[in-house]
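Engineer: What follows is work10.cif; its format and atoms are mmCIF, C-alpha atoms and all ligand atoms.
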```
data_data
loop_
_atom_site.label_atom_id
_atom_site.label_comp_id
_atom_site.auth_asym_id
_atom_site.auth_seq_id
_atom_site.Cartn_x
_atom_site.Cartn_y
_atom_site.Cartn_z
CA MET M 298 -86.99 -130.41 251.33
CA SER M 299 -88.42 -128.43 248.40
CA GLU M 300 -88.91 -130.15 245.02
CA LYS M 301 -85.56 -128.84 243.78
CA ILE M 302 -82.50 -129.37 245.92
CA ASN M 303 -80.78 -126.06 246.65
CA VAL M 304 -77.01 -126.21 246.76
CA ALA M 305 -74.16 -123.77 247.28
CA VAL M 306 -70.63 -123.99 245.93
CA ILE M 307 -68.04 -122.58 248.34
CA GLY M 308 -64.73 -121.76 246.69
CA CYS M 309 -65.12 -121.03 242.96
CA GLY M 310 -61.64 -122.07 241.81
CA SER M 311 -60.33 -124.95 239.66
CA ILE M 312 -62.11 -128.00 241.05
CA ALA M 313 -65.41 -126.14 241.43
CA ASN M 314 -65.36 -125.05 237.78
CA CYS M 315 -63.93 -128.33 236.38
CA ALA M 316 -66.07 -130.74 238.35
CA HIS M 317 -68.69 -129.64 240.89
CA ILE M 318 -70.51 -126.89 239.02
CA PRO M 319 -70.74 -128.70 235.63
CA ALA M 320 -71.92 -131.87 237.40
CA TYR M 321 -74.66 -130.04 239.33
CA LEU M 322 -75.79 -128.29 236.14
CA LYS M 323 -76.33 -131.68 234.47
CA LEU M 324 -78.86 -132.68 237.15
CA ASP M 325 -82.51 -131.65 236.59
CA ASN M 326 -83.36 -131.54 240.28
CA ILE M 327 -80.60 -129.12 241.35
CA ASN M 328 -80.71 -125.37 241.81
CA ILE M 329 -77.33 -123.74 242.50
CA LYS M 330 -78.50 -121.00 244.85
CA TYR M 331 -75.13 -119.50 245.85
CA PHE M 332 -71.66 -119.19 244.40
CA CYS M 333 -69.33 -118.16 247.22
CA ASP M 334 -65.71 -117.04 247.07
CA ILE M 335 -63.68 -114.58 249.12
CA ILE M 336 -62.36 -113.31 245.79
CA PRO M 337 -65.46 -111.40 244.61
CA GLU M 338 -64.60 -111.69 240.90
CA ARG M 339 -64.68 -115.50 241.18
CA ALA M 340 -68.16 -115.58 242.72
CA ASP M 341 -69.43 -112.87 240.36
CA GLY M 342 -67.78 -114.63 237.42
CA ALA M 343 -69.56 -117.89 238.23
CA VAL M 344 -72.96 -116.21 238.33
CA GLU M 345 -72.24 -114.58 234.98
CA LYS M 346 -70.79 -117.71 233.38
CA TYR M 347 -73.46 -120.18 234.51
CA GLY M 348 -76.43 -117.80 234.44
CA CYS M 349 -77.80 -118.84 237.82
CA GLY M 350 -77.28 -118.32 241.56
CA LYS M 351 -76.27 -115.38 243.70
CA ALA M 352 -72.69 -114.29 244.32
CA VAL M 353 -71.71 -114.17 248.00
CA TYR M 354 -68.29 -113.43 249.48
CA ASP M 355 -68.80 -114.79 253.00
CA TYR M 356 -70.51 -118.17 253.47
CA LYS M 357 -71.87 -117.14 256.89
CA GLU M 358 -74.43 -115.02 255.01
CA PHE M 359 -76.28 -118.13 253.81
CA LEU M 360 -75.23 -120.64 256.48
CA ASN M 361 -78.71 -120.57 258.03
CA ASP M 362 -80.79 -120.18 254.87
CA PRO M 363 -83.64 -122.66 255.56
CA GLU M 364 -84.03 -123.29 251.81
CA LEU M 365 -80.43 -124.46 251.43
CA ASP M 366 -80.07 -128.26 251.44
CA ALA M 367 -76.44 -129.04 250.61
CA VAL M 368 -73.03 -127.51 249.91
CA SER M 369 -69.86 -128.36 248.03
CA VAL M 370 -66.72 -127.26 249.89
CA CYS M 371 -64.09 -126.52 247.19
CA THR M 372 -61.66 -124.39 249.18
CA HIS M 373 -58.12 -125.35 250.10
CA ASN M 374 -57.45 -128.09 252.64
CA ASP M 375 -57.16 -125.85 255.73
CA LEU M 376 -60.80 -124.77 255.45
CA HIS M 377 -62.45 -128.15 254.72
CA SER M 378 -62.97 -128.90 258.37
CA VAL M 379 -64.18 -125.51 259.60
CA ILE M 380 -66.60 -124.94 256.71
CA ALA M 381 -67.94 -128.52 256.65
CA ILE M 382 -68.57 -128.44 260.41
CA ASP M 383 -70.33 -125.06 260.24
CA PHE M 384 -72.73 -126.36 257.57
CA LEU M 385 -73.31 -129.76 259.22
CA LYS M 386 -74.22 -127.95 262.45
CA ALA M 387 -76.58 -125.71 260.46
CA GLY M 388 -78.36 -128.88 259.28
CA LYS M 389 -76.97 -129.02 255.73
CA HIS M 390 -75.47 -131.96 253.84
CA VAL M 391 -71.85 -131.54 252.75
CA LEU M 392 -69.60 -132.77 249.94
CA SER M 393 -66.10 -131.61 250.84
CA GLU M 394 -63.10 -131.96 248.56
CA LYS M 395 -60.23 -134.33 249.20
CA PRO M 396 -58.25 -134.67 251.43
CA ALA M 397 -60.84 -134.86 254.21
CA ALA M 398 -58.80 -132.26 256.09
CA LYS M 399 -55.26 -131.01 256.49
CA ASN M 400 -54.61 -133.46 259.34
CA LEU M 401 -56.23 -136.40 261.11
CA GLU M 402 -57.39 -134.39 264.13
CA GLU M 403 -59.50 -132.08 261.94
CA ALA M 404 -60.84 -135.02 259.91
CA LEU M 405 -61.93 -136.81 263.08
CA LYS M 406 -63.80 -133.67 264.25
CA MET M 407 -65.64 -133.60 260.92
CA GLN M 408 -66.58 -137.26 261.31
CA GLN M 409 -67.81 -136.70 264.87
CA VAL M 410 -70.07 -133.80 263.84
CA ALA M 411 -71.39 -135.80 260.86
CA HIS M 412 -72.31 -138.63 263.23
CA GLU M 413 -73.87 -136.24 265.79
CA THR M 414 -75.96 -134.33 263.26
CA GLY M 415 -76.84 -137.34 261.08
CA LYS M 416 -76.22 -135.23 257.97
CA ILE M 417 -74.36 -136.59 254.95
CA LEU M 418 -70.65 -135.76 254.89
CA ASN M 419 -68.99 -137.08 251.75
CA ILE M 420 -65.38 -136.49 250.71
CA GLY M 421 -64.33 -135.92 247.09
CA VAL M 422 -62.83 -139.38 246.59
CA CYS M 423 -63.73 -139.32 242.90
CA ASN M 424 -61.82 -142.48 241.91
CA ARG M 425 -64.36 -144.58 243.80
CA PHE M 426 -66.83 -143.68 241.04
CA GLY M 427 -64.56 -144.54 238.06
CA THR M 428 -65.47 -147.36 235.66
CA GLN M 429 -62.15 -149.20 235.70
CA VAL M 430 -61.64 -148.83 239.44
CA ASN M 431 -65.01 -150.48 239.97
CA ASN M 432 -64.12 -153.20 237.45
CA ILE M 433 -60.97 -153.96 239.47
CA LYS M 434 -62.90 -153.92 242.74
CA LYS M 435 -65.29 -156.51 241.30
CA LEU M 436 -62.42 -158.74 240.08
CA ILE M 437 -60.86 -158.64 243.55
CA ASP M 438 -64.24 -159.20 245.29
CA ASP M 439 -64.91 -162.19 242.98
CA GLY M 440 -61.57 -163.75 243.92
CA GLU M 441 -60.10 -163.50 240.40
CA LEU M 442 -56.74 -162.34 241.81
CA GLY M 443 -56.67 -164.88 244.64
CA GLU M 444 -55.19 -163.41 247.80
CA VAL M 445 -54.09 -159.82 247.13
CA TYR M 446 -51.10 -159.63 249.44
CA HIS M 447 -49.27 -156.52 248.22
CA VAL M 448 -50.37 -153.35 246.47
CA TYR M 449 -47.76 -150.92 245.19
CA ALA M 450 -48.50 -147.38 244.03
CA SER M 451 -46.24 -145.12 242.03
CA PHE M 452 -47.33 -141.49 241.78
CA ARG M 453 -44.15 -139.87 240.57
CA ALA M 454 -43.35 -136.94 238.36
CA HIS M 455 -40.01 -135.53 237.24
CA ARG M 456 -41.18 -131.96 237.83
CA SER M 457 -44.73 -131.19 238.90
CA ILE M 458 -44.80 -129.05 242.04
CA PRO M 459 -48.10 -127.15 241.81
CA GLY M 460 -48.12 -123.39 242.36
CA ILE M 461 -44.76 -123.29 244.16
CA GLY M 462 -44.76 -120.86 247.10
CA GLY M 463 -48.58 -120.71 247.13
CA ASP M 464 -51.29 -122.58 249.07
CA PHE M 465 -50.26 -126.05 247.80
CA THR M 466 -46.73 -125.82 249.22
CA ASN M 467 -47.56 -124.09 252.51
CA LYS M 468 -48.09 -126.74 255.18
CA ALA M 469 -50.27 -124.46 257.30
CA VAL M 470 -52.77 -124.35 254.41
CA SER M 471 -52.35 -127.74 252.74
CA GLY M 472 -51.20 -130.02 255.57
CA GLY M 473 -48.54 -131.53 253.31
CA GLY M 474 -47.35 -131.97 249.74
CA ALA M 475 -47.13 -134.90 247.33
CA LEU M 476 -48.63 -137.38 249.81
CA ILE M 477 -51.69 -135.41 250.90
CA ASP M 478 -52.30 -133.89 247.46
CA TRP M 479 -51.70 -136.89 245.16
CA GLY M 480 -51.10 -139.87 247.42
CA VAL M 481 -54.51 -139.41 249.04
CA HIS M 482 -56.18 -140.52 245.78
CA TYR M 483 -54.00 -143.63 245.45
CA ILE M 484 -54.36 -144.77 249.06
CA ASP M 485 -58.11 -144.23 248.99
CA LEU M 486 -58.47 -146.12 245.70
CA ILE M 487 -56.47 -149.07 247.06
CA LEU M 488 -58.52 -149.29 250.27
CA TYR M 489 -61.73 -149.19 248.20
CA CYS M 490 -60.68 -151.91 245.74
CA CYS M 491 -59.34 -154.16 248.51
CA GLY M 492 -62.56 -154.09 250.57
CA GLU M 493 -61.59 -151.44 253.15
CA PRO M 494 -58.84 -153.30 255.06
CA LYS M 495 -58.02 -151.79 258.46
CA PRO M 496 -54.65 -149.97 258.54
CA LEU M 497 -52.43 -151.36 261.31
CA THR M 498 -48.96 -149.79 261.11
CA ALA M 499 -47.13 -147.35 258.84
CA SER M 500 -43.55 -146.41 258.22
CA GLY M 501 -42.43 -143.71 255.83
CA GLU M 502 -40.21 -140.80 254.99
CA ALA M 503 -41.42 -137.55 253.46
CA PHE M 504 -38.71 -135.41 251.84
CA CYS M 505 -38.72 -131.64 251.47
CA LYS M 506 -35.74 -131.25 249.14
CA LEU M 507 -36.22 -129.85 245.64
CA GLY M 508 -38.72 -127.07 246.20
CA LYS M 509 -37.51 -125.53 249.44
CA ASN M 510 -35.16 -123.09 247.72
CA ILE M 511 -38.00 -121.76 245.60
CA LYS M 512 -35.88 -119.54 243.37
CA ASP M 513 -33.51 -122.46 242.53
CA TYR M 514 -36.32 -124.85 241.50
CA VAL M 515 -35.79 -125.82 237.86
CA TYR M 516 -38.87 -126.76 235.84
CA THR M 517 -40.34 -126.52 232.37
CA GLY M 518 -44.02 -126.08 233.23
CA MET M 519 -46.08 -125.62 236.38
CA TRP M 520 -49.63 -126.65 237.15
CA ALA M 521 -51.58 -123.96 239.10
CA SER M 522 -48.81 -121.50 238.15
CA GLU M 523 -51.20 -118.58 238.69
CA THR M 524 -51.01 -119.30 242.44
CA ALA M 525 -47.18 -119.54 242.52
CA ASP M 526 -45.33 -117.06 244.74
CA MET M 527 -41.56 -116.89 244.38
CA ASN M 528 -41.41 -115.16 247.80
CA GLY M 529 -43.87 -117.56 249.37
CA VAL M 530 -43.63 -120.62 251.62
CA TYR M 531 -42.37 -124.10 250.75
CA ASP M 532 -42.32 -126.49 253.70
CA VAL M 533 -43.99 -129.67 252.40
CA ASP M 534 -42.95 -133.05 250.98
CA ASP M 535 -41.95 -133.06 247.32
CA SER M 536 -41.40 -136.81 247.54
CA VAL M 537 -42.46 -139.60 249.88
CA VAL M 538 -42.00 -143.34 250.39
CA GLY M 539 -44.10 -145.53 252.66
CA LEU M 540 -45.05 -149.00 253.78
CA VAL M 541 -48.41 -149.68 255.42
CA ARG M 542 -49.48 -152.97 257.00
CA THR M 543 -53.21 -153.55 256.96
CA SER M 544 -55.62 -156.33 257.89
CA GLY M 545 -55.48 -157.10 254.13
CA PRO M 546 -52.59 -156.43 251.76
CA VAL M 547 -49.40 -154.59 252.55
CA ILE M 548 -49.46 -151.24 250.75
CA SER M 549 -46.23 -149.60 249.63
CA PHE M 550 -45.69 -146.49 247.57
CA ASN M 551 -43.20 -144.12 246.02
CA GLY M 552 -44.56 -140.66 245.28
CA ALA M 553 -43.03 -137.42 244.03
CA TRP M 554 -44.14 -134.03 242.82
CA ALA M 555 -40.50 -133.60 241.85
CA GLN M 556 -37.45 -135.89 241.77
CA ASN M 557 -34.15 -136.00 239.91
CA ILE M 558 -35.22 -139.10 237.98
CA GLY M 559 -36.91 -138.49 234.66
CA GLU M 560 -39.88 -140.74 235.33
CA SER M 561 -43.49 -139.73 235.36
CA GLU M 562 -45.17 -142.90 236.53
CA THR M 563 -48.72 -143.04 237.78
CA TYR M 564 -49.89 -146.61 238.28
CA ILE M 565 -51.00 -149.11 240.91
CA ASP M 566 -49.99 -152.80 241.02
CA PHE M 567 -52.46 -155.15 242.70
CA ILE M 568 -50.41 -158.31 243.30
CA GLY M 569 -52.36 -161.49 244.03
CA THR M 570 -51.65 -165.21 244.28
CA LYS M 571 -53.74 -166.08 241.17
CA ALA M 572 -53.32 -162.91 239.12
CA GLY M 573 -52.12 -159.34 239.20
CA ILE M 574 -53.25 -156.03 237.78
CA ARG M 575 -51.39 -152.90 236.76
CA LEU M 576 -53.83 -149.98 236.65
CA GLN M 577 -52.68 -146.83 234.90
CA TYR M 578 -54.09 -144.07 237.12
CA CYS M 579 -57.31 -142.71 235.60
CA GLY M 580 -56.83 -145.12 232.70
CA ASP M 581 -57.06 -148.78 231.74
CA PHE M 582 -55.36 -151.86 233.16
CA LYS M 583 -53.43 -154.98 232.30
CA PHE M 584 -54.35 -158.35 233.81
CA TYR M 585 -51.50 -160.85 234.39
CA SER M 586 -52.25 -164.50 235.07
CA THR M 587 -51.43 -168.07 234.06
CA LYS M 588 -53.38 -170.60 231.99
CA ASN M 589 -52.54 -174.24 231.11
CA GLY M 590 -49.01 -173.82 232.42
CA ALA M 591 -48.36 -170.63 230.46
CA LEU M 592 -48.13 -166.96 231.43
CA THR M 593 -50.91 -164.75 230.11
CA SER M 594 -51.48 -161.01 229.98
CA ALA M 595 -54.48 -159.12 228.69
CA ASP M 596 -55.19 -155.44 228.14
CA VAL M 597 -58.51 -154.55 229.70
CA VAL M 598 -59.84 -151.38 228.10
CA SER M 599 -63.12 -149.67 228.70
CA SER M 600 -65.00 -146.51 227.91
CA HIS M 601 -64.57 -144.18 230.87
CA ASN M 602 -67.34 -142.35 232.66
CA ASN M 603 -66.87 -138.88 234.14
CA PHE M 604 -66.20 -139.87 237.74
CA TYR M 605 -66.93 -136.37 239.04
CA ASP M 606 -70.42 -136.49 237.51
CA GLU M 607 -71.04 -139.87 239.16
CA GLU M 608 -69.67 -138.68 242.51
CA ILE M 609 -71.97 -135.67 242.56
CA LYS M 610 -75.03 -137.55 241.27
CA SER M 611 -74.48 -140.12 244.01
CA PHE M 612 -74.03 -137.35 246.64
CA ILE M 613 -77.41 -135.93 245.68
CA GLU M 614 -79.00 -139.39 245.93
CA CYS M 615 -77.53 -139.61 249.45
CA VAL M 616 -79.04 -136.21 250.28
CA GLN M 617 -82.44 -137.45 249.08
CA THR M 618 -82.36 -140.86 250.75
CA GLY M 619 -80.06 -140.44 253.77
CA ARG M 620 -78.06 -143.43 252.46
CA HIS M 621 -74.27 -143.53 252.96
CA ASN M 622 -72.29 -144.23 249.78
CA GLN M 623 -68.63 -145.14 249.23
CA ALA M 624 -67.56 -141.50 249.67
CA TYR M 625 -68.90 -141.22 253.24
CA ILE M 626 -66.48 -139.72 255.76
CA ASP M 627 -66.03 -143.04 257.61
CA TYR M 628 -64.09 -144.43 254.63
CA ALA M 629 -61.99 -141.30 254.05
CA ILE M 630 -60.94 -141.32 257.71
CA GLU M 631 -58.89 -144.47 257.13
CA THR M 632 -56.86 -142.69 254.43
CA SER M 633 -56.37 -139.74 256.79
CA LYS M 634 -55.08 -142.13 259.46
CA ILE M 635 -52.54 -143.61 257.04
CA MET M 636 -51.30 -140.21 255.81
CA GLN M 637 -51.01 -138.89 259.35
CA ALA M 638 -49.06 -142.01 260.38
CA ILE M 639 -46.67 -141.60 257.42
CA TYR M 640 -46.02 -137.95 258.33
CA ASP M 641 -45.58 -138.86 262.02
CA SER M 642 -43.29 -141.75 261.08
CA SER M 643 -41.19 -139.43 258.97
CA GLU M 644 -40.86 -136.90 261.79
CA GLN M 645 -40.03 -139.54 264.39
CA HIS M 646 -38.08 -141.88 262.03
CA LYS M 647 -39.90 -144.94 263.33
CA GLU M 648 -42.90 -147.14 262.61
CA ILE M 649 -46.27 -145.87 263.87
CA VAL M 650 -49.09 -148.05 265.21
CA ILE M 651 -52.41 -146.86 263.78
CA GLU M 652 -55.26 -146.81 266.32
N1 LIG M 701 -60.91 -134.35 243.51
C1 LIG M 701 -59.93 -133.92 242.73
O1 LIG M 701 -59.52 -134.58 241.78
C2 LIG M 701 -59.32 -132.57 243.03
C3 LIG M 701 -58.62 -131.89 242.03
C4 LIG M 701 -58.11 -130.62 242.32
C5 LIG M 701 -58.27 -130.06 243.58
N2 LIG M 701 -58.95 -130.76 244.54
C6 LIG M 701 -59.12 -130.19 245.91
O2 LIG M 701 -59.99 -129.08 245.82
C7 LIG M 701 -59.63 -128.08 246.76
C8 LIG M 701 -59.47 -126.75 246.02
O3 LIG M 701 -58.46 -126.88 245.06
P1 LIG M 701 -58.45 -125.91 243.76
O4 LIG M 701 -57.34 -126.41 242.91
O5 LIG M 701 -59.83 -125.80 243.20
O6 LIG M 701 -58.03 -124.54 244.45
P2 LIG M 701 -58.31 -123.06 243.93
O7 LIG M 701 -57.31 -122.18 244.61
O8 LIG M 701 -58.36 -123.03 242.44
O9 LIG M 701 -59.77 -122.72 244.48
C9 LIG M 701 -60.03 -122.52 245.84
C10 LIG M 701 -60.94 -121.32 245.95
O10 LIG M 701 -61.40 -121.18 247.30
C11 LIG M 701 -61.53 -119.79 247.55
N3 LIG M 701 -61.62 -119.56 249.00
C12 LIG M 701 -60.62 -119.49 249.90
N4 LIG M 701 -61.12 -119.23 251.13
C13 LIG M 701 -62.46 -119.14 251.00
C14 LIG M 701 -63.53 -118.91 251.90
N5 LIG M 701 -63.34 -118.70 253.21
N6 LIG M 701 -64.80 -118.90 251.42
C15 LIG M 701 -65.03 -119.10 250.11
N7 LIG M 701 -64.05 -119.33 249.19
C16 LIG M 701 -62.79 -119.36 249.64
C17 LIG M 701 -60.30 -119.22 246.90
O11 LIG M 701 -60.41 -117.81 246.73
C18 LIG M 701 -60.27 -119.99 245.59
O12 LIG M 701 -60.99 -119.34 244.57
C19 LIG M 701 -58.33 -128.57 247.43
O13 LIG M 701 -58.64 -129.11 248.67
C20 LIG M 701 -57.82 -129.66 246.50
O14 LIG M 701 -57.11 -130.69 247.18
C21 LIG M 701 -59.49 -131.98 244.28
#
```
Write the structure described by the file as structure tokens, please.
Ligand SMILES: NC(=O)c1ccc[n+]([C@@H]2O[C@H](COP(=O)([O-])OP(=O)(O)OC[C@H]3O[C@@H](n4cnc5c(N)ncnc54)[C@H](O)[C@@H]3O)[C@@H](O)[C@H]2O)c1
Structural biologist:
Amino acid sequence: MSEKINVAVIGCGSIANCAHIPAYLKLDNINIKYFCDIIPERADGAVEKYGCGKAVYDYKEFLNDPELDAVSVCTHNDLHSVIAIDFLKAGKHVLSEKPAAKNLEEALKMQQVAHETGKILNIGVCNRFGTQVNNIKKLIDDGELGEVYHVYASFRAHRSIPGIGGDFTNKAVSGGGALIDWGVHYIDLILYCCGEPKPLTASGEAFCKLGKNIKDYVYTGMWASETADMNGVYDVDDSVVGLVRTSGPVISFNGAWAQNIGESETYIDFIGTKAGIRLQYCGDFKFYSTKNGALTSADVVSSHNNFYDEEIKSFIECVQTGRHNQAYIDYAIETSKIMQAIYDSSEQHKEIVIE
């Protein structure tokens, strides 16, 4: 490996520009060698904006560049698996965005190739690098909550279907809706904080109700609206409920991109025998306990790091050392298993045993 680590960013859309590229540019030992996008203006625009790298429109052009060490895969979910596997087989290290893939089968193939090649394959599970998430993990590890027997997640919005009719709402591209797009972060965060319990069974229902008649969808604002297509496809879950038994706590959740209840709730309750925590997603938390026969509650606030910066710095350390960190594919696979089981349970209307 040359003194500088050469990386490529594949897919120069939102997450690449918000997270991956700025994080790489903060690191002294990184050279972004390629910006790749099938939309030429996006690759060209990145070269112009960041003043480095070469614009390429087909990643196969640099797949076998011997100087290239690592890549960020920032395309939509359907391409995570194929692009990650191509680069792993070419001997490169890979950081691929969340979810690991659009279904469990593809995620397992990625894991297999990572194991066979011995290259790093990390997934963009950015919450694992957040300050407060790690504070909660330490409290649980230290036994401050006692036995954590139930964790509940609420990731609900009144109206927040992203780019309706576009890639996000087309199952063939995304693999699913609210669960795979938002729920993936919550499930992953819970597994991390609770010491990676093994998922055992899952039961759930995923509803495709409010977005399916695209032209009738009523909303006030839309995230990723530039990708919306009023004549496009909508065949994913706009809300989901689930219950997962694990070797540790039971996990339950209620998630919605859109629902006819005016709540926008994004929090996780860690419920233990000694104490409990309500974490506001990407924010601070409240700690509930008892002392001297009285009920106590405390706001736990902290300065927040940029978890994307930490995720990418840690990825590069993995590339340099060969070490596996908390974003390694083996951890993300467990979240993929749970999401697949929830979707299967919903289709079959019965509980699924997770292998
Ligand atoms: N970790 C997070 O918090 C987070 C946040 C947002 C998105 N994401 C994930 O990031 C991924 C991308 O989401 P986004 O919002 O940035 O999407 P986006 O549409 O803004 O960007 C994706 C880009 O990939 C390009 N692309 C498509 N096929 C390509 C190919 N074969 N080669 C090169 N480029 C190609 C598209 O032209 C587009 O510019 C998704 O998987 C999403 O789940 C993660």
Engineer: Identify the residues around (-43.7, -143.4, 261.0) within a radius of 7 Å, measuring from all atoms listed in the file in the coordinates stated by the file, and give them as a PyMOL selection string.
Structural biologist: chain M and resi 499-501+638-643+645-649
Engineer: Next, dump the selected residues to file, keeping only C-alpha atoms, as a JSON list (two decimals), in the frame of the given file.
Structural biologist:
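The resulting selection_35.json:
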```json
[["chain", "number", "residue", "atom", "x", "y", "z"],
["M", 499, "ALA", "CA", -47.13, -147.35, 258.84],
["M", 500, "SER", "CA", -43.55, -146.41, 258.22],
["M", 501, "GLY", "CA", -42.43, -143.71, 255.83],
["M", 638, "ALA", "CA", -49.06, -142.01, 260.38],
["M", 639, "ILE", "CA", -46.67, -141.60, 257.42],
["M", 640, "TYR", "CA", -46.02, -137.95, 258.33],
["M", 641, "ASP", "CA", -45.58, -138.86, 262.02],
["M", 642, "SER", "CA", -43.29, -141.75, 261.08],
["M", 643, "SER", "CA", -41.19, -139.43, 258.97],
["M", 645, "GLN", "CA", -40.03, -139.54, 264.39],
["M", 646, "HIS", "CA", -38.08, -141.88, 262.03],
["M", 647, "LYS", "CA", -39.90, -144.94, 263.33],
["M", 648, "GLU", "CA", -42.90, -147.14, 262.61],
["M", 649, "ILE", "CA", -46.27, -145.87, 263.87]]
```
Engineer: Would you list the contacts of range 547-549 of chain M as a PyMOL selection string, taking every protein, DNA or RNA residue within 6 Å and counting all atoms listed in the file, but skipping same-chain residues closer than 5 positions in sequence?
Structural biologist: chain M and resi 447-449+539-542
Engineer: Please identify all polymer residues within 7 Å of Asp535 in chain M, counting all atoms listed in the file, omitting same-chain residues fewer than 3 positions from it, and present them as a PyMOL selection string.
Structural biologist: chain M and resi 474-475+504-508+553-555
Engineer: Compile a residue-level contact table for chain M against ligand LIG 701 (chain M) at a cut-off of 7 Å, reporting for every qualifying residue the shortest atom pair and its distance in Å to one decimal, with all atoms listed in the file counted, rows ordered by chain and ascending number, as a Markdown table.
Structural biologist:
```
| residue | atom | partner | partner_atom | distance |
| --- | --- | --- | --- | --- |
| M:Ile307 | CA | M:LIG701 | C15 | 4.9 |
| M:Gly308 | CA | M:LIG701 | O10 | 3.4 |
| M:Cys309 | CA | M:LIG701 | O12 | 4.7 |
| M:Gly310 | CA | M:LIG701 | O9 | 3.3 |
| M:Ser311 | CA | M:LIG701 | O5 | 3.7 |
| M:Ile312 | CA | M:LIG701 | O5 | 3.8 |
| M:Ala313 | CA | M:LIG701 | O5 | 5.9 |
| M:Cys333 | CA | M:LIG701 | C15 | 5.3 |
| M:Asp334 | CA | M:LIG701 | N7 | 3.5 |
| M:Ile335 | CA | M:LIG701 | N7 | 4.8 |
| M:Ile336 | CA | M:LIG701 | O11 | 5.0 |
| M:Arg339 | CA | M:LIG701 | O12 | 6.3 |
| M:Tyr354 | CA | M:LIG701 | C15 | 6.6 |
| M:Asp355 | CA | M:LIG701 | N6 | 5.9 |
| M:Tyr356 | CA | M:LIG701 | N6 | 6.1 |
| M:Cys371 | CA | M:LIG701 | C7 | 4.7 |
| M:Thr372 | CA | M:LIG701 | O10 | 3.7 |
| M:His373 | CA | M:LIG701 | O13 | 4.1 |
| M:Asn374 | CA | M:LIG701 | O13 | 4.3 |
| M:Leu376 | CA | M:LIG701 | N5 | 7.0 |
| M:Glu394 | CA | M:LIG701 | O2 | 5.0 |
| M:Lys395 | CA | M:LIG701 | O14 | 5.2 |
| M:Pro396 | CA | M:LIG701 | O14 | 5.9 |
| M:Gly421 | CA | M:LIG701 | N1 | 5.2 |
| M:Val422 | CA | M:LIG701 | N1 | 6.2 |
| M:Cys423 | CA | M:LIG701 | N1 | 5.7 |
| M:Asp478 | CA | M:LIG701 | O14 | 5.8 |
```
Engineer: Excluding range 512-525 of chain M and residues on its chain fewer than 5 positions from it, collect all residues at most 9 Å away from it, counting all atoms listed in the file, and give them as a PyMOL selection string.
Structural biologist: chain M and resi 311+455-465+507
Engineer: Near Lys634 in chain M, within 12 Å and counting all atoms listed in the file, which residues show up once chain neighbours fewer than 2 positions away are dropped, as a VMD selection string?
Structural biologist: chain M and resid 396 to 405 477 481 484 to 485 495 to 499 541 543 627 to 632 636 to 642 649 to 652
Engineer: Which neighbours of Phe584 in chain M fall inside 8 Å, counting all atoms listed in the file, when residues of the same chain fewer than 4 positions from it are skipped, and could you give them as a PyMOL selection string?
Structural biologist: chain M and resi 572-575+594-597
Engineer: CA of Arg425 in chain M and CA of Ala624 in chain M, how far apart in Å?
Structural biologist: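 Between CA of Ala624 in chain M and CA of Arg425 in chain M the gap works out to 7.4 Å.
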Engineer: So how far away is CA of Tyr605 in chain M from CA of Glu338 in chain M, in Å?
Structural biologist: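 Taking CA of Glu338 in chain M as the start and CA of Tyr605 in chain M as the end point, the length is 24.9 Å.
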Engineer: Using the file's own x, y and z axes, what box holds all listed atoms of range 448-461 of chain M with 6 Å on each side, keeping edges along x, y and z, and what are its centre and edge lengths in Å to one decimal, as lines of an AutoDock Vina configuration file?
Structural biologist:
```
center_x = -45.2
center_y = -138.3
center_z = 241.9
size_x = 22.4
size_y = 42.1
size_z = 21.2
```
Engineer: Enter the distance from CA of Ile318 in chain M to CA of Cys490 in chain M, in Å, rounded to one decimal.
Structural biologist: 27.7 Å
Engineer: Measuring atom to atom with all atoms listed in the file, identify which of M:Val537, M:Leu392, M:Ile433, M:Val530 is nearest to Gly492 in chain M.
Structural biologist: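 For Gly492 in chain M, the nearest of the given residues is M:Ile433.
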Engineer: For a quick check of understanding, using only C-alpha atoms, which of M:Ala591, M:Ala411, M:Ala469, M:Ile568 has the smallest distance to Asp532 in chain M?
Structural biologist: M:Ala469
Engineer: Counting only C-alpha atoms, which of M:Gly473, M:Ile417, M:Asn303, M:Gly480 gets nearest to Val391 in chain M?
Structural biologist: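 Of M:Gly473, M:Ile417, M:Asn303, M:Gly480, the one nearest Val391 in chain M is M:Ile417, counting only C-alpha atoms.
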